[in-house]
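**Student:** What follows is the file input-v3.txt, containing compact mmCIF, C-alpha atoms:
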# COMPACT_ATOMS: atom_id res chain seq x y z
CA MET G 43 143.29 198.25 34.64
CA LYS G 44 142.99 194.61 33.68
CA THR G 45 139.49 193.18 33.91
CA GLN G 46 138.99 189.61 34.98
CA ARG G 47 136.54 187.33 33.26
CA TYR G 48 134.00 186.12 35.79
CA ILE G 49 132.78 182.56 35.35
CA PRO G 50 129.91 181.70 37.73
CA CYS G 51 130.27 178.33 39.42
CA PRO G 52 127.18 177.57 41.52
CA ALA G 53 126.97 174.30 43.43
CA ASP G 54 125.75 171.43 41.28
CA THR G 55 122.29 170.61 42.58
CA SER G 56 121.13 168.81 39.43
CA GLY G 57 120.96 165.49 41.27
CA VAL G 58 118.90 166.82 44.17
CA GLU G 59 115.22 165.94 44.16
CA LEU G 60 113.07 167.72 46.68
CA PRO G 61 109.93 166.14 48.12
CA GLU G 62 106.60 167.46 46.87
CA SER G 63 105.91 168.55 50.45
CA LEU G 64 108.31 171.47 49.89
CA ALA G 65 106.30 172.93 46.98
CA GLU G 66 104.39 175.29 49.29
CA LEU G 67 107.63 176.36 51.00
CA THR G 68 109.21 177.02 47.60
CA GLU G 69 106.35 179.35 46.67
CA GLN G 70 106.49 181.13 50.04
CA MET G 71 110.23 181.62 49.61
CA ALA G 72 109.74 182.92 46.06
CA ARG G 73 107.23 185.46 47.33
CA ASN G 74 109.66 186.55 50.04
CA VAL G 75 112.56 186.78 47.57
CA HIS G 76 110.47 189.29 45.62
CA GLU G 77 109.45 191.19 48.76
CA VAL G 78 113.08 191.52 49.92
CA TRP G 79 114.17 192.64 46.44
CA ALA G 80 111.34 195.20 46.24
CA GLN G 81 111.98 196.53 49.73
CA THR G 82 115.67 196.98 48.90
CA ARG G 83 114.91 198.78 45.65
CA ILE G 84 112.35 201.08 47.26
CA GLY G 85 114.86 201.82 50.03
CA GLU G 86 117.33 202.85 47.33
CA GLY G 87 114.81 205.33 45.94
CA TRP G 88 113.27 203.22 43.18
CA SER G 89 109.57 203.35 42.32
CA TYR G 90 107.18 201.68 39.93
CA GLY G 91 107.41 202.60 36.27
CA PRO G 92 105.91 200.88 33.22
CA MET G 93 109.41 200.34 31.82
CA ARG G 94 112.75 199.96 33.56
CA ASN G 95 114.55 203.28 33.68
CA ASP G 96 117.80 203.25 35.66
CA GLU G 97 118.21 207.01 35.43
CA LEU G 98 114.78 207.67 36.96
CA LYS G 99 115.03 204.59 39.19
CA GLN G 100 111.79 203.12 37.91
CA HIS G 101 111.07 199.41 37.54
CA PRO G 102 107.96 197.58 36.25
CA CYS G 103 108.36 194.76 38.79
CA LEU G 104 107.81 196.98 41.82
CA VAL G 105 104.36 195.48 42.24
CA PRO G 106 102.96 192.80 44.56
CA TYR G 107 104.17 189.26 43.80
CA ASP G 108 100.75 188.18 42.52
CA ALA G 109 100.80 191.03 39.98
CA LEU G 110 104.17 190.01 38.51
CA PRO G 111 104.33 188.50 35.04
CA ASP G 112 104.64 184.69 35.12
CA SER G 113 108.25 184.92 33.90
CA GLU G 114 109.24 187.04 36.90
CA ARG G 115 107.48 184.77 39.38
CA GLU G 116 109.25 181.81 37.75
CA TYR G 117 112.61 183.60 38.21
CA ASP G 118 111.87 183.98 41.94
CA ARG G 119 110.72 180.36 42.18
CA HIS G 120 113.94 179.22 40.53
CA THR G 121 115.98 181.17 43.10
CA ALA G 122 113.97 179.64 45.96
CA LEU G 123 114.15 176.14 44.52
CA GLU G 124 117.90 176.28 43.98
CA THR G 125 118.37 177.58 47.52
CA LEU G 126 116.37 174.67 48.93
CA LYS G 127 118.30 172.21 46.77
CA LEU G 128 121.61 173.66 47.99
CA ILE G 129 120.50 173.35 51.62
CA SER G 130 119.59 169.72 50.99
CA SER G 131 122.84 168.96 49.14
CA LEU G 132 124.79 170.32 52.12
CA GLY G 133 123.18 167.70 54.34
CA TYR G 134 120.53 169.79 56.06
CA LYS G 135 116.98 168.56 56.53
CA ILE G 136 114.01 170.85 56.21
CA GLU G 137 111.10 169.93 58.43
CA LYS G 138 107.93 171.79 59.25
CA GLY G 139 107.48 172.32 62.97
CA LEU G 140 104.20 171.85 64.72
Can I see the file as structure tokens?

**Tutor:**
Amino acid sequence: MKTQRYIPCPADTSGVELPESLAELTEQMARNVHEVWAQTRIGEGWSYGPMRNDELKQHPCLVPYDALPDSEREYDRHTALETLKLISSLGYKIEKGL
């Protein structure tokens, strides 16, 4: 079986600048990204463990968002930020309703 080399090609959002008013939304999205990930993992039978162990399905990040190491929270923030930048680059406007 021939394996294909995968080369990721995300949308270029390097020129997109988001308003400071979306900082709170970015953090809320980052928190939700973690919650969705954790819920999925737990649903697949994973539980907390001090070290990642795929065989035992244990992961050290199965903790509340606020208990994550800064590097993990930054990973979730990056995902949220890039999602918001993509939405903006596609011509959508994000506005907070009343």

**Student:** Kindly extract all protein, DNA and RNA residues lying within 12 Å of the coordinates (107.6, 177.3, 51.3) given in the file, considering only C-alpha atoms, and supply them as a ChimeraX atom specification.

**Tutor:** /G:60-75,119,122-123,125-126,136-138

**Student:** What does the structure give for the distance between atom CA of Glu114 of chain G and atom CA of Ala53 of chain G, in Å to one decimal?

**Tutor:**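 The value is 22.8 Å.
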
**Student:** Would you kindly return, as a PyMOL selection string, each protein, DNA or RNA residue with an atom no farther than 6 Å from any atom of segment 77-93 of chain G, considering all atoms listed in the file and excluding same-chain residues fewer than 3 positions away?

**Tutor:** chain G and resi 74+99-102+104

**Student:** Please indicate the distance in Å from atom CA of Ser56 of chain G to atom CA of Ile129 of chain G, rounded to one decimal place.

**Tutor:**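 That distance, rounded to one decimal, is 13.0 Å.
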
**Student:** Around all the atoms of segment 112-121 of chain G listed in the file, with 6 Å of room on each side, what axis-aligned box do you get, giving centre and edge lengths in Å to one decimal, as AutoDock Vina command-line options?

**Tutor:**
--center_x 110.3 --center_y 183.1 --center_z 38.5 --size_x 23.3 --size_y 19.8 --size_z 21.2

**Student:** Would you mind telling me which residue in G:Ser131, G:Val58, G:His76, G:Glu97 lies nearest to Glu116 of chain G when using only C-alpha atoms?

**Tutor:**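 Smallest distance to Glu116 of chain G is found for G:His76.
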
**Student:** Mind giving me the straight-line distance from atom CA of Asp108 of chain G to atom CA of Leu140 of chain G in Å, one decimal?

**Tutor:** 27.8 Å
